[in-house]
$ cat input_37.cif   # mmCIF, C-alpha atoms and all ligand atoms
data_my_file
#
loop_
_atom_site.group_PDB
_atom_site.id
_atom_site.type_symbol
_atom_site.label_atom_id
_atom_site.label_comp_id
_atom_site.auth_asym_id
_atom_site.auth_seq_id
_atom_site.Cartn_x
_atom_site.Cartn_y
_atom_site.Cartn_z
ATOM 1 C CA MET A 1 0.000 0.000 0.000
ATOM 2 C CA THR A 2 1.105 3.559 -0.642
ATOM 3 C CA ASP A 3 0.769 6.283 1.946
ATOM 4 C CA GLN A 4 -2.005 8.057 -0.004
ATOM 5 C CA PRO A 5 -5.588 6.804 -0.162
ATOM 6 C CA LEU A 6 -6.878 6.361 -3.697
ATOM 7 C CA LEU A 7 -10.461 7.315 -3.007
ATOM 8 C CA VAL A 8 -11.781 9.471 -0.175
ATOM 9 C CA ALA A 9 -15.337 10.288 0.870
ATOM 10 C CA ASP A 10 -15.270 13.184 3.289
ATOM 11 C CA SER A 11 -18.409 14.041 5.296
ATOM 12 C CA LEU A 12 -20.934 13.262 2.567
ATOM 13 C CA ARG A 13 -24.529 14.283 3.012
ATOM 14 C CA LEU A 14 -27.352 13.443 0.628
ATOM 15 C CA ASN A 15 -31.106 13.518 1.175
ATOM 16 C CA PHE A 16 -33.862 12.033 -0.931
ATOM 17 C CA GLY A 17 -36.806 14.210 0.122
ATOM 18 C CA GLU A 18 -37.223 13.622 3.859
ATOM 19 C CA THR A 19 -34.842 10.644 3.857
ATOM 20 C CA LYS A 20 -31.278 11.222 4.999
ATOM 21 C CA ALA A 21 -29.509 8.690 2.764
ATOM 22 C CA LEU A 22 -26.022 9.918 3.731
ATOM 23 C CA ASP A 23 -25.416 11.821 6.941
ATOM 24 C CA ASP A 24 -21.750 12.731 7.387
ATOM 25 C CA ALA A 25 -20.402 9.599 5.684
ATOM 26 C CA SER A 26 -16.614 9.352 5.434
ATOM 27 C CA LEU A 27 -14.463 6.530 4.073
ATOM 28 C CA HIS A 28 -10.932 6.026 2.707
ATOM 29 C CA ILE A 29 -10.079 3.376 0.130
ATOM 30 C CA TRP A 30 -6.420 2.497 -0.419
ATOM 31 C CA PRO A 31 -4.945 1.328 -3.721
ATOM 32 C CA GLY A 32 -5.567 -2.366 -4.298
ATOM 33 C CA GLU A 33 -7.734 -2.683 -1.207
ATOM 34 C CA ILE A 34 -10.919 -4.794 -1.189
ATOM 35 C CA VAL A 35 -13.539 -3.124 1.029
ATOM 36 C CA ALA A 36 -16.984 -4.528 1.807
ATOM 37 C CA LEU A 37 -19.755 -2.073 2.706
ATOM 38 C CA MET A 38 -22.103 -3.906 5.067
ATOM 39 C CA GLY A 39 -25.078 -2.776 7.119
ATOM 40 C CA PRO A 40 -28.870 -2.901 7.305
ATOM 41 C CA SER A 41 -31.162 -2.431 4.341
ATOM 42 C CA GLY A 42 -31.692 1.249 3.580
ATOM 43 C CA SER A 43 -28.652 2.356 5.610
ATOM 44 C CA GLY A 44 -27.017 4.142 2.661
ATOM 45 C CA LYS A 45 -24.555 1.582 1.252
ATOM 46 C CA SER A 46 -25.565 1.907 -2.408
ATOM 47 C CA THR A 47 -25.851 5.685 -2.123
ATOM 48 C CA LEU A 48 -22.312 5.838 -0.719
ATOM 49 C CA LEU A 49 -21.032 3.579 -3.500
ATOM 50 C CA HIS A 50 -22.724 5.743 -6.145
ATOM 51 C CA CYS A 51 -21.209 8.908 -4.658
ATOM 52 C CA LEU A 52 -17.730 7.339 -4.513
ATOM 53 C CA ALA A 53 -18.103 6.349 -8.171
ATOM 54 C CA GLY A 54 -19.204 9.831 -9.237
ATOM 55 C CA ILE A 55 -22.649 8.583 -10.323
ATOM 56 C CA LEU A 56 -24.476 10.588 -7.638
ATOM 57 C CA GLN A 57 -23.421 14.010 -6.424
ATOM 58 C CA PRO A 58 -23.552 14.564 -2.648
ATOM 59 C CA GLU A 59 -25.254 17.732 -1.430
ATOM 60 C CA SER A 60 -22.280 18.512 0.741
ATOM 61 C CA GLY A 61 -18.927 16.957 1.471
ATOM 62 C CA ARG A 62 -16.260 15.910 -0.975
ATOM 63 C CA VAL A 63 -15.187 12.845 -2.916
ATOM 64 C CA SER A 64 -11.624 12.776 -4.165
ATOM 65 C CA TYR A 65 -9.971 10.252 -6.407
ATOM 66 C CA ASP A 66 -6.194 10.193 -6.683
ATOM 67 C CA GLY A 67 -6.054 13.705 -5.257
ATOM 68 C CA ARG A 68 -8.667 15.086 -7.685
ATOM 69 C CA ASP A 69 -11.957 16.491 -6.405
ATOM 70 C CA LEU A 70 -14.661 14.447 -8.135
ATOM 71 C CA THR A 71 -17.421 16.624 -6.700
ATOM 72 C CA ALA A 72 -15.987 19.729 -8.375
ATOM 73 C CA MET A 73 -15.673 18.183 -11.854
ATOM 74 C CA SER A 74 -18.094 18.766 -14.704
ATOM 75 C CA ASP A 75 -20.414 15.891 -15.652
ATOM 76 C CA SER A 76 -18.329 15.139 -18.721
ATOM 77 C CA GLU A 77 -15.066 15.087 -16.746
ATOM 78 C CA ARG A 78 -16.651 12.722 -14.255
ATOM 79 C CA SER A 79 -17.948 10.451 -17.034
ATOM 80 C CA ALA A 80 -14.501 10.356 -18.632
ATOM 81 C CA LEU A 81 -12.965 9.435 -15.295
ATOM 82 C CA ARG A 82 -15.550 6.665 -14.782
ATOM 83 C CA ARG A 83 -14.884 5.246 -18.248
ATOM 84 C CA GLY A 84 -11.111 5.412 -17.895
ATOM 85 C CA GLU A 85 -10.461 4.439 -14.305
ATOM 86 C CA PHE A 86 -13.493 2.643 -12.866
ATOM 87 C CA GLY A 87 -15.220 -0.675 -13.513
ATOM 88 C CA PHE A 88 -18.727 -1.669 -12.406
ATOM 89 C CA VAL A 89 -20.478 -4.916 -11.539
ATOM 90 C CA PHE A 90 -24.133 -4.766 -10.528
ATOM 91 C CA GLN A 91 -26.650 -7.392 -9.542
ATOM 92 C CA PHE A 92 -28.651 -7.455 -12.787
ATOM 93 C CA GLY A 93 -28.832 -6.318 -16.302
ATOM 94 C CA GLN A 94 -25.528 -4.677 -16.987
ATOM 95 C CA LEU A 95 -24.778 -6.638 -20.163
ATOM 96 C CA VAL A 96 -26.037 -5.378 -23.506
ATOM 97 C CA PRO A 97 -28.576 -8.033 -24.580
ATOM 98 C CA GLU A 98 -28.079 -7.532 -28.334
ATOM 99 C CA LEU A 99 -24.332 -8.157 -28.185
ATOM 100 C CA THR A 100 -22.624 -11.505 -27.709
ATOM 101 C CA CYS A 101 -20.744 -12.090 -24.459
ATOM 102 C CA VAL A 102 -17.365 -11.518 -26.099
ATOM 103 C CA GLU A 103 -18.654 -8.308 -27.706
ATOM 104 C CA ASN A 104 -19.901 -7.156 -24.294
ATOM 105 C CA VAL A 105 -16.470 -7.673 -22.766
ATOM 106 C CA ALA A 106 -14.749 -6.046 -25.760
ATOM 107 C CA LEU A 107 -17.027 -2.999 -25.613
ATOM 108 C CA PRO A 108 -15.041 -0.900 -23.088
ATOM 109 C CA LEU A 109 -11.886 -1.483 -25.136
ATOM 110 C CA ARG A 110 -13.646 -0.567 -28.395
ATOM 111 C CA LEU A 111 -15.037 2.606 -26.786
ATOM 112 C CA SER A 112 -11.534 3.621 -25.790
ATOM 113 C CA GLY A 113 -10.307 3.161 -29.352
ATOM 114 C CA ALA A 114 -8.927 -0.409 -29.557
ATOM 115 C CA GLY A 115 -9.239 -2.201 -32.902
ATOM 116 C CA ARG A 116 -11.862 -4.925 -33.242
ATOM 117 C CA ARG A 117 -9.472 -7.860 -33.515
ATOM 118 C CA GLU A 118 -7.282 -6.798 -30.608
ATOM 119 C CA ALA A 119 -10.318 -6.014 -28.426
ATOM 120 C CA HIS A 120 -11.822 -9.424 -29.179
ATOM 121 C CA ARG A 121 -8.568 -11.213 -28.411
ATOM 122 C CA THR A 122 -8.229 -9.463 -25.043
ATOM 123 C CA ALA A 123 -11.922 -10.030 -24.261
ATOM 124 C CA THR A 124 -11.569 -13.744 -25.063
ATOM 125 C CA ASP A 125 -8.580 -14.004 -22.716
ATOM 126 C CA TRP A 126 -10.653 -12.385 -19.974
ATOM 127 C CA LEU A 127 -13.571 -14.750 -20.517
ATOM 128 C CA GLU A 128 -11.154 -17.671 -20.213
ATOM 129 C CA ARG A 129 -9.691 -16.214 -17.053
ATOM 130 C CA LEU A 130 -13.199 -16.091 -15.565
ATOM 131 C CA GLU A 131 -13.732 -19.694 -16.743
ATOM 132 C CA VAL A 132 -16.448 -18.801 -19.250
ATOM 133 C CA GLY A 133 -14.372 -19.044 -22.428
ATOM 134 C CA ASP A 134 -17.098 -21.220 -23.971
ATOM 135 C CA VAL A 135 -19.903 -18.618 -23.848
ATOM 136 C CA GLY A 136 -18.233 -15.902 -25.943
ATOM 137 C CA ALA A 137 -20.484 -16.370 -28.979
ATOM 138 C CA LYS A 138 -23.716 -16.478 -26.960
ATOM 139 C CA ARG A 139 -25.904 -13.557 -26.033
ATOM 140 C CA PRO A 140 -26.477 -12.748 -22.344
ATOM 141 C CA GLY A 141 -30.022 -14.160 -22.552
ATOM 142 C CA GLN A 142 -28.582 -17.560 -23.516
ATOM 143 C CA VAL A 143 -26.255 -18.038 -20.528
ATOM 144 C CA SER A 144 -26.891 -18.870 -16.859
ATOM 145 C CA GLY A 145 -26.978 -16.228 -14.116
ATOM 146 C CA GLY A 146 -23.564 -17.285 -12.807
ATOM 147 C CA GLN A 147 -22.026 -17.274 -16.284
ATOM 148 C CA GLY A 148 -23.551 -13.839 -16.962
ATOM 149 C CA GLN A 149 -22.032 -12.429 -13.765
ATOM 150 C CA ARG A 150 -18.626 -13.828 -14.704
ATOM 151 C CA VAL A 151 -18.958 -12.128 -18.112
ATOM 152 C CA ALA A 152 -19.896 -8.916 -16.262
ATOM 153 C CA VAL A 153 -16.800 -9.238 -14.064
ATOM 154 C CA ALA A 154 -14.644 -9.757 -17.184
ATOM 155 C CA ARG A 155 -16.177 -6.632 -18.696
ATOM 156 C CA ALA A 156 -15.552 -4.623 -15.520
ATOM 157 C CA LEU A 157 -11.877 -5.632 -15.398
ATOM 158 C CA VAL A 158 -10.945 -5.762 -19.097
ATOM 159 C CA SER A 159 -9.808 -2.149 -19.240
ATOM 160 C CA ARG A 160 -7.754 -2.600 -16.062
ATOM 161 C CA PRO A 161 -9.560 -0.052 -13.913
ATOM 162 C CA ARG A 162 -7.999 1.132 -10.678
ATOM 163 C CA VAL A 163 -11.292 0.756 -8.814
ATOM 164 C CA VAL A 164 -14.133 -1.698 -9.347
ATOM 165 C CA PHE A 165 -17.495 -0.873 -7.767
ATOM 166 C CA ALA A 166 -19.678 -3.894 -7.142
ATOM 167 C CA ASP A 167 -23.231 -3.587 -5.770
ATOM 168 C CA GLU A 168 -24.512 -6.985 -4.596
ATOM 169 C CA PRO A 169 -22.628 -8.749 -7.422
ATOM 170 C CA THR A 170 -23.784 -12.187 -6.282
ATOM 171 C CA GLY A 171 -27.200 -11.120 -4.988
ATOM 172 C CA ALA A 172 -29.095 -12.989 -7.704
ATOM 173 C CA LEU A 173 -27.035 -16.191 -7.515
ATOM 174 C CA ASP A 174 -27.284 -19.321 -5.395
ATOM 175 C CA SER A 175 -24.549 -19.722 -2.803
ATOM 176 C CA LEU A 176 -22.386 -22.110 -4.849
ATOM 177 C CA ASN A 177 -22.367 -19.845 -7.898
ATOM 178 C CA GLY A 178 -21.985 -16.750 -5.749
ATOM 179 C CA GLU A 179 -18.909 -18.230 -4.139
ATOM 180 C CA LEU A 180 -17.359 -19.111 -7.508
ATOM 181 C CA VAL A 181 -18.021 -15.636 -8.936
ATOM 182 C CA MET A 182 -16.504 -13.990 -5.843
ATOM 183 C CA LYS A 183 -13.438 -16.225 -5.918
ATOM 184 C CA LEU A 184 -12.730 -15.490 -9.571
ATOM 185 C CA PHE A 185 -13.614 -11.795 -9.255
ATOM 186 C CA ILE A 186 -11.372 -11.129 -6.258
ATOM 187 C CA ALA A 187 -8.463 -13.188 -7.630
ATOM 188 C CA ALA A 188 -8.610 -11.250 -10.913
ATOM 189 C CA ALA A 189 -8.917 -7.889 -9.117
ATOM 190 C CA ARG A 190 -5.908 -8.720 -6.925
ATOM 191 C CA ASP A 191 -3.950 -9.745 -10.033
ATOM 192 C CA THR A 192 -4.589 -6.433 -11.752
ATOM 193 C CA GLY A 193 -4.112 -4.410 -8.544
ATOM 194 C CA ALA A 194 -7.620 -2.928 -8.715
ATOM 195 C CA ALA A 195 -9.245 -1.721 -5.507
ATOM 196 C CA VAL A 196 -12.766 -3.090 -5.006
ATOM 197 C CA VAL A 197 -15.675 -1.399 -3.223
ATOM 198 C CA LEU A 198 -18.275 -4.076 -2.642
ATOM 199 C CA VAL A 199 -21.805 -3.669 -1.263
ATOM 200 C CA THR A 200 -23.137 -6.876 0.217
ATOM 201 C CA HIS A 201 -25.540 -8.213 2.828
ATOM 202 C CA GLU A 202 -23.777 -11.532 3.029
ATOM 203 C CA ALA A 203 -20.988 -12.265 5.493
ATOM 204 C CA ARG A 204 -19.574 -14.998 3.263
ATOM 205 C CA VAL A 205 -19.232 -12.495 0.394
ATOM 206 C CA ALA A 206 -17.697 -9.877 2.718
ATOM 207 C CA ALA A 207 -15.213 -12.551 3.812
ATOM 208 C CA TYR A 208 -13.386 -11.975 0.505
ATOM 209 C CA SER A 209 -12.570 -8.397 1.528
ATOM 210 C CA ASP A 210 -9.582 -6.964 3.376
ATOM 211 C CA ARG A 211 -11.822 -4.687 5.402
ATOM 212 C CA GLU A 212 -15.472 -4.380 6.318
ATOM 213 C CA ALA A 213 -17.040 -0.964 6.796
ATOM 214 C CA VAL A 214 -20.475 -0.945 8.428
ATOM 215 C CA VAL A 215 -22.904 1.723 7.239
ATOM 216 C CA ARG A 216 -25.713 2.691 9.624
ATOM 217 C CA ASP A 217 -28.119 5.611 9.259
ATOM 218 C CA GLY A 218 -26.105 7.125 6.430
ATOM 219 C CA ARG A 219 -22.768 7.046 8.221
ATOM 220 C CA VAL A 220 -19.798 4.662 8.324
ATOM 221 C CA ARG A 221 -19.967 3.477 11.913
ATOM 222 C CA GLU A 222 -17.431 0.704 12.290
ATOM 223 C CA GLN A 223 -14.531 -0.526 10.282
ATOM 224 C CA GLU A 224 -12.815 -3.791 10.819
ATOM 225 C CA TYR A 225 -9.864 -5.404 9.147
ATOM 226 C CA ALA A 226 -10.700 -8.955 8.227
ATOM 227 C CA ARG A 227 -8.153 -11.564 9.361
HETATM 228 N N1 LIG B 1 -33.559 7.407 -5.786
HETATM 229 C C1 LIG B 1 -34.050 7.440 -4.542
HETATM 230 N N2 LIG B 1 -35.175 8.131 -4.258
HETATM 231 C C2 LIG B 1 -35.678 8.184 -3.006
HETATM 232 N N3 LIG B 1 -35.113 7.560 -1.947
HETATM 233 C C3 LIG B 1 -33.998 6.853 -2.172
HETATM 234 C C4 LIG B 1 -33.411 6.740 -3.470
HETATM 235 N N4 LIG B 1 -32.292 5.965 -3.371
HETATM 236 C C5 LIG B 1 -32.216 5.603 -2.074
HETATM 237 N N5 LIG B 1 -33.216 6.127 -1.354
HETATM 238 C C6 LIG B 1 -33.413 5.977 0.108
HETATM 239 O O1 LIG B 1 -32.191 6.329 0.740
HETATM 240 C C7 LIG B 1 -31.905 5.426 1.806
HETATM 241 C C8 LIG B 1 -30.566 4.744 1.528
HETATM 242 O O2 LIG B 1 -30.725 3.898 0.391
HETATM 243 P P1 LIG B 1 -29.582 2.930 -0.157
HETATM 244 O O3 LIG B 1 -30.099 2.279 -1.375
HETATM 245 O O4 LIG B 1 -28.319 3.680 -0.224
HETATM 246 O O5 LIG B 1 -29.475 1.876 1.043
HETATM 247 P P2 LIG B 1 -28.756 0.450 1.066
HETATM 248 O O6 LIG B 1 -28.066 0.375 2.388
HETATM 249 O O7 LIG B 1 -27.938 0.260 -0.146
HETATM 250 O O8 LIG B 1 -30.024 -0.488 1.061
HETATM 251 P P3 LIG B 1 -30.204 -2.010 0.540
HETATM 252 O O9 LIG B 1 -29.252 -2.818 1.374
HETATM 253 O O10 LIG B 1 -31.624 -2.314 0.859
HETATM 254 O O11 LIG B 1 -29.898 -2.013 -0.912
HETATM 255 C C9 LIG B 1 -33.084 4.476 1.885
HETATM 256 O O12 LIG B 1 -33.968 4.966 2.850
HETATM 257 C C10 LIG B 1 -33.678 4.539 0.496
HETATM 258 O O13 LIG B 1 -35.060 4.247 0.558
#
$ encode --input "input_37.cif" --output "structure tokens" --more "lines below"
Ligand SMILES: Nc1ncnc2c1ncn2[C@@H]1O[C@H](COP(=O)(O)OP(=O)(O)OP(=O)(O)O)[C@@H](O)[C@H]1O
Amino acid sequence: MTDQPLLVADSLRLNFGETKALDDASLHIWPGEIVALMGPSGSGKSTLLHCLAGILQPESGRVSYDGRDLTAMSDSERSALRRGEFGFVFQFGQLVPELTCVENVALPLRLSGAGRREAHRTATDWLERLEVGDVGAKRPGQVSGGQGQRVAVARALVSRPRVVFADEPTGALDSLNGELVMKLFIAAARDTGAAVVLVTHEARVAAYSDREAVVRDGRVREQEYAR
């Protein structure tokens, strides 16, 4: 680890109408660190993740990434940062249904200017790494939930982001498949040196992290280093 955090949330506040979703939430993420956000339903975990990723803007407080103030950037600067430096894995629906699995994984590379052949070769390698090399030609609707999530993980990591945000990445899977996806996901993230911010309800998913941060009532209440 370096002596500078990669991502910092400093005293974030965000309300949805009467609901205080974030109420003075602060968190540091270090390069390469795997952090699980735990806590009761509705406590603000997803809202915190979305603010850290520059998807939601807090009403007050600051998010900085690599020393740059995300909250002060224009929308287009923030989008460029998300495309270039961040990867995302969500519970459902993040694959483009009209594209094959290999095309889905190649998409981030194509959008950043890679040629078709090179992008497909890299995407195929990533599918093999996630042990779904055989589904490349299929569309997302033709593969199982576990296979689809492994394709989604490959797509999140293919452009070698420095941070991967994962919101309940195994929430729709049975425990066996969830375990396999987590194992492959975390091994690949550690290999590439990506930090991971993971929202989960499940202790056995959080067990893959280096640190658990508990969110309660819109604030990070407890942090614990695993093992
Ligand atoms: N778009 C929205 N509009 C209105 N209220 C919202 C919105 N998003 C979140 N909230 C509310 O903000 C609070 C925090 O929600 P958030 O989704 O961050 O919690 P969470 O801890 O991720 O919950 P869960 O574990 O159930 O997914 C909740 O009370 C939720 O109902």
$ resolve_selection --input "input_37.cif" --expression "the PyMOL selection byres (((chain A and resi 96) around 12) and not hetatm)" --output "PDB file with C-alpha atoms, in the coordinates of the input"
ATOM      1  CA  PHE A  92     -28.651  -7.455 -12.787  1.00  0.00           C
ATOM      2  CA  GLY A  93     -28.832  -6.318 -16.302  1.00  0.00           C
ATOM      3  CA  GLN A  94     -25.528  -4.677 -16.987  1.00  0.00           C
ATOM      4  CA  LEU A  95     -24.778  -6.638 -20.163  1.00  0.00           C
ATOM      5  CA  PRO A  97     -28.576  -8.033 -24.580  1.00  0.00           C
ATOM      6  CA  GLU A  98     -28.079  -7.532 -28.334  1.00  0.00           C
ATOM      7  CA  LEU A  99     -24.332  -8.157 -28.185  1.00  0.00           C
ATOM      8  CA  THR A 100     -22.624 -11.505 -27.709  1.00  0.00           C
ATOM      9  CA  CYS A 101     -20.744 -12.090 -24.459  1.00  0.00           C
ATOM     10  CA  VAL A 102     -17.365 -11.518 -26.099  1.00  0.00           C
ATOM     11  CA  GLU A 103     -18.654  -8.308 -27.706  1.00  0.00           C
ATOM     12  CA  ASN A 104     -19.901  -7.156 -24.294  1.00  0.00           C
ATOM     13  CA  VAL A 105     -16.470  -7.673 -22.766  1.00  0.00           C
ATOM     14  CA  ALA A 106     -14.749  -6.046 -25.760  1.00  0.00           C
ATOM     15  CA  LEU A 107     -17.027  -2.999 -25.613  1.00  0.00           C
ATOM     16  CA  PRO A 108     -15.041  -0.900 -23.088  1.00  0.00           C
ATOM     17  CA  LYS A 138     -23.716 -16.478 -26.960  1.00  0.00           C
ATOM     18  CA  ARG A 139     -25.904 -13.557 -26.033  1.00  0.00           C
ATOM     19  CA  PRO A 140     -26.477 -12.748 -22.344  1.00  0.00           C
ATOM     20  CA  GLY A 141     -30.022 -14.160 -22.552  1.00  0.00           C
ATOM     21  CA  GLY A 148     -23.551 -13.839 -16.962  1.00  0.00           C
ATOM     22  CA  VAL A 151     -18.958 -12.128 -18.112  1.00  0.00           C
ATOM     23  CA  ALA A 152     -19.896  -8.916 -16.262  1.00  0.00           C
ATOM     24  CA  ARG A 155     -16.177  -6.632 -18.696  1.00  0.00           C
TER      25      ARG A 155
END
$ closest_atom_pairs --input "input_37.cif" --of "chain A" --to "ligand LIG 1 (chain B)" --cutoff "9 Å" --atoms "only C-alpha atoms and all ligand atoms" --output "JSON lines"
{"residue": "A:Leu14", "atom": "CA", "partner": "B:LIG1", "partner_atom": "O1", "distance": 8.6}
{"residue": "A:Asn15", "atom": "CA", "partner": "B:LIG1", "partner_atom": "O1", "distance": 7.3}
{"residue": "A:Phe16", "atom": "CA", "partner": "B:LIG1", "partner_atom": "C2", "distance": 4.7}
{"residue": "A:Gly17", "atom": "CA", "partner": "B:LIG1", "partner_atom": "C2", "distance": 6.9}
{"residue": "A:Glu18", "atom": "CA", "partner": "B:LIG1", "partner_atom": "N3", "distance": 8.7}
{"residue": "A:Thr19", "atom": "CA", "partner": "B:LIG1", "partner_atom": "O12", "distance": 5.8}
{"residue": "A:Lys20", "atom": "CA", "partner": "B:LIG1", "partner_atom": "O1", "distance": 6.6}
{"residue": "A:Ala21", "atom": "CA", "partner": "B:LIG1", "partner_atom": "O1", "distance": 4.1}
{"residue": "A:Leu22", "atom": "CA", "partner": "B:LIG1", "partner_atom": "C8", "distance": 7.2}
{"residue": "A:Leu37", "atom": "CA", "partner": "B:LIG1", "partner_atom": "O6", "distance": 8.7}
{"residue": "A:Met38", "atom": "CA", "partner": "B:LIG1", "partner_atom": "O6", "distance": 7.8}
{"residue": "A:Gly39", "atom": "CA", "partner": "B:LIG1", "partner_atom": "O6", "distance": 6.4}
{"residue": "A:Pro40", "atom": "CA", "partner": "B:LIG1", "partner_atom": "O9", "distance": 5.9}
{"residue": "A:Ser41", "atom": "CA", "partner": "B:LIG1", "partner_atom": "O10", "distance": 3.5}
{"residue": "A:Gly42", "atom": "CA", "partner": "B:LIG1", "partner_atom": "O5", "distance": 3.4}
{"residue": "A:Ser43", "atom": "CA", "partner": "B:LIG1", "partner_atom": "O6", "distance": 3.8}
{"residue": "A:Gly44", "atom": "CA", "partner": "B:LIG1", "partner_atom": "O4", "distance": 3.2}
{"residue": "A:Lys45", "atom": "CA", "partner": "B:LIG1", "partner_atom": "O6", "distance": 3.9}
{"residue": "A:Ser46", "atom": "CA", "partner": "B:LIG1", "partner_atom": "O7", "distance": 3.7}
{"residue": "A:Thr47", "atom": "CA", "partner": "B:LIG1", "partner_atom": "O4", "distance": 3.7}
{"residue": "A:Leu48", "atom": "CA", "partner": "B:LIG1", "partner_atom": "O4", "distance": 6.4}
{"residue": "A:Leu49", "atom": "CA", "partner": "B:LIG1", "partner_atom": "O4", "distance": 8.0}
{"residue": "A:His50", "atom": "CA", "partner": "B:LIG1", "partner_atom": "O4", "distance": 8.4}
{"residue": "A:Asp167", "atom": "CA", "partner": "B:LIG1", "partner_atom": "O7", "distance": 8.3}
{"residue": "A:Glu168", "atom": "CA", "partner": "B:LIG1", "partner_atom": "O11", "distance": 8.2}
{"residue": "A:Val199", "atom": "CA", "partner": "B:LIG1", "partner_atom": "O7", "distance": 7.4}
{"residue": "A:Thr200", "atom": "CA", "partner": "B:LIG1", "partner_atom": "O9", "distance": 7.4}
{"residue": "A:His201", "atom": "CA", "partner": "B:LIG1", "partner_atom": "O9", "distance": 6.7}
{"residue": "A:Val215", "atom": "CA", "partner": "B:LIG1", "partner_atom": "O6", "distance": 7.2}
{"residue": "A:Arg216", "atom": "CA", "partner": "B:LIG1", "partner_atom": "O6", "distance": 8.0}
{"residue": "A:Asp217", "atom": "CA", "partner": "B:LIG1", "partner_atom": "C8", "distance": 8.2}
{"residue": "A:Gly218", "atom": "CA", "partner": "B:LIG1", "partner_atom": "C8", "distance": 7.0}
$ resolve_selection --input "input_37.cif" --expression "the PyMOL selection byres (((chain A and resi 207) around 12) and not hetatm)" --output "list in words"
Ile34, Val35, Ala36, Leu37, Met38, Glu179, Met182, Lys183, Ile186, Leu198, Thr200, His201, Glu202, Ala203, Arg204, Val205, Ala206, Tyr208, Ser209, Asp210, Arg211, Glu212, Glu224, Tyr225, Ala226 and Arg227 of chain A
$ residues_around --input "input_37.cif" --residues "range 56-61 of chain A" --least-positions-apart "2" --cutoff "6 Å" --atoms "all atoms listed in the file" --output "JSON, numbers by chain"
{"A": [10, 11, 12, 13, 14, 50, 51, 54]}
$ atom_distance --input "input_37.cif" --atom1 "CA of Ala123 in chain A" --atom2 "CA of Val158 in chain A"
6.8 Å
$ decode --input "input_37.cif" --residues "range 189-203 of chain A" --atoms "N, CA and C atoms" --output "PDB file, in the first residue's frame"
ATOM      1  N   ALA A 189      -9.136  -9.272  -9.566  1.00  0.00           N
ATOM      2  CA  ALA A 189      -8.917  -7.889  -9.117  1.00  0.00           C
ATOM      3  C   ALA A 189      -7.554  -7.789  -8.436  1.00  0.00           C
ATOM      4  N   ARG A 190      -7.212  -8.765  -7.610  1.00  0.00           N
ATOM      5  CA  ARG A 190      -5.908  -8.720  -6.925  1.00  0.00           C
ATOM      6  C   ARG A 190      -4.773  -8.801  -7.940  1.00  0.00           C
ATOM      7  N   ASP A 191      -4.952  -9.618  -8.961  1.00  0.00           N
ATOM      8  CA  ASP A 191      -3.950  -9.745 -10.033  1.00  0.00           C
ATOM      9  C   ASP A 191      -3.685  -8.429 -10.736  1.00  0.00           C
ATOM     10  N   THR A 192      -4.759  -7.688 -11.002  1.00  0.00           N
ATOM     11  CA  THR A 192      -4.589  -6.433 -11.752  1.00  0.00           C
ATOM     12  C   THR A 192      -4.274  -5.272 -10.813  1.00  0.00           C
ATOM     13  N   GLY A 193      -4.400  -5.489  -9.507  1.00  0.00           N
ATOM     14  CA  GLY A 193      -4.112  -4.410  -8.544  1.00  0.00           C
ATOM     15  C   GLY A 193      -5.274  -3.448  -8.362  1.00  0.00           C
ATOM     16  N   ALA A 194      -6.458  -3.812  -8.875  1.00  0.00           N
ATOM     17  CA  ALA A 194      -7.620  -2.928  -8.715  1.00  0.00           C
ATOM     18  C   ALA A 194      -8.110  -2.938  -7.274  1.00  0.00           C
ATOM     19  N   ALA A 195      -8.516  -1.775  -6.774  1.00  0.00           N
ATOM     20  CA  ALA A 195      -9.245  -1.721  -5.507  1.00  0.00           C
ATOM     21  C   ALA A 195     -10.683  -2.131  -5.805  1.00  0.00           C
ATOM     22  N   VAL A 196     -11.362  -2.703  -4.817  1.00  0.00           N
ATOM     23  CA  VAL A 196     -12.766  -3.090  -5.006  1.00  0.00           C
ATOM     24  C   VAL A 196     -13.597  -2.513  -3.867  1.00  0.00           C
ATOM     25  N   VAL A 197     -14.688  -1.849  -4.216  1.00  0.00           N
ATOM     26  CA  VAL A 197     -15.675  -1.399  -3.223  1.00  0.00           C
ATOM     27  C   VAL A 197     -16.918  -2.229  -3.480  1.00  0.00           C
ATOM     28  N   LEU A 198     -17.281  -3.021  -2.474  1.00  0.00           N
ATOM     29  CA  LEU A 198     -18.275  -4.076  -2.642  1.00  0.00           C
ATOM     30  C   LEU A 198     -19.419  -3.864  -1.665  1.00  0.00           C
ATOM     31  N   VAL A 199     -20.646  -3.718  -2.157  1.00  0.00           N
ATOM     32  CA  VAL A 199     -21.805  -3.669  -1.263  1.00  0.00           C
ATOM     33  C   VAL A 199     -22.374  -5.072  -1.162  1.00  0.00           C
ATOM     34  N   THR A 200     -22.533  -5.550   0.053  1.00  0.00           N
ATOM     35  CA  THR A 200     -23.137  -6.876   0.217  1.00  0.00           C
ATOM     36  C   THR A 200     -23.855  -7.004   1.553  1.00  0.00           C
ATOM     37  N   HIS A 201     -24.856  -7.865   1.586  1.00  0.00           N
ATOM     38  CA  HIS A 201     -25.540  -8.213   2.828  1.00  0.00           C
ATOM     39  C   HIS A 201     -24.932  -9.460   3.447  1.00  0.00           C
ATOM     40  N   GLU A 202     -24.143 -10.174   2.636  1.00  0.00           N
ATOM     41  CA  GLU A 202     -23.777 -11.532   3.029  1.00  0.00           C
ATOM     42  C   GLU A 202     -22.373 -11.609   3.616  1.00  0.00           C
ATOM     43  N   ALA A 203     -22.282 -12.150   4.815  1.00  0.00           N
ATOM     44  CA  ALA A 203     -20.988 -12.265   5.493  1.00  0.00           C
ATOM     45  C   ALA A 203     -20.006 -13.106   4.674  1.00  0.00           C
TER      46      ALA A 203
END
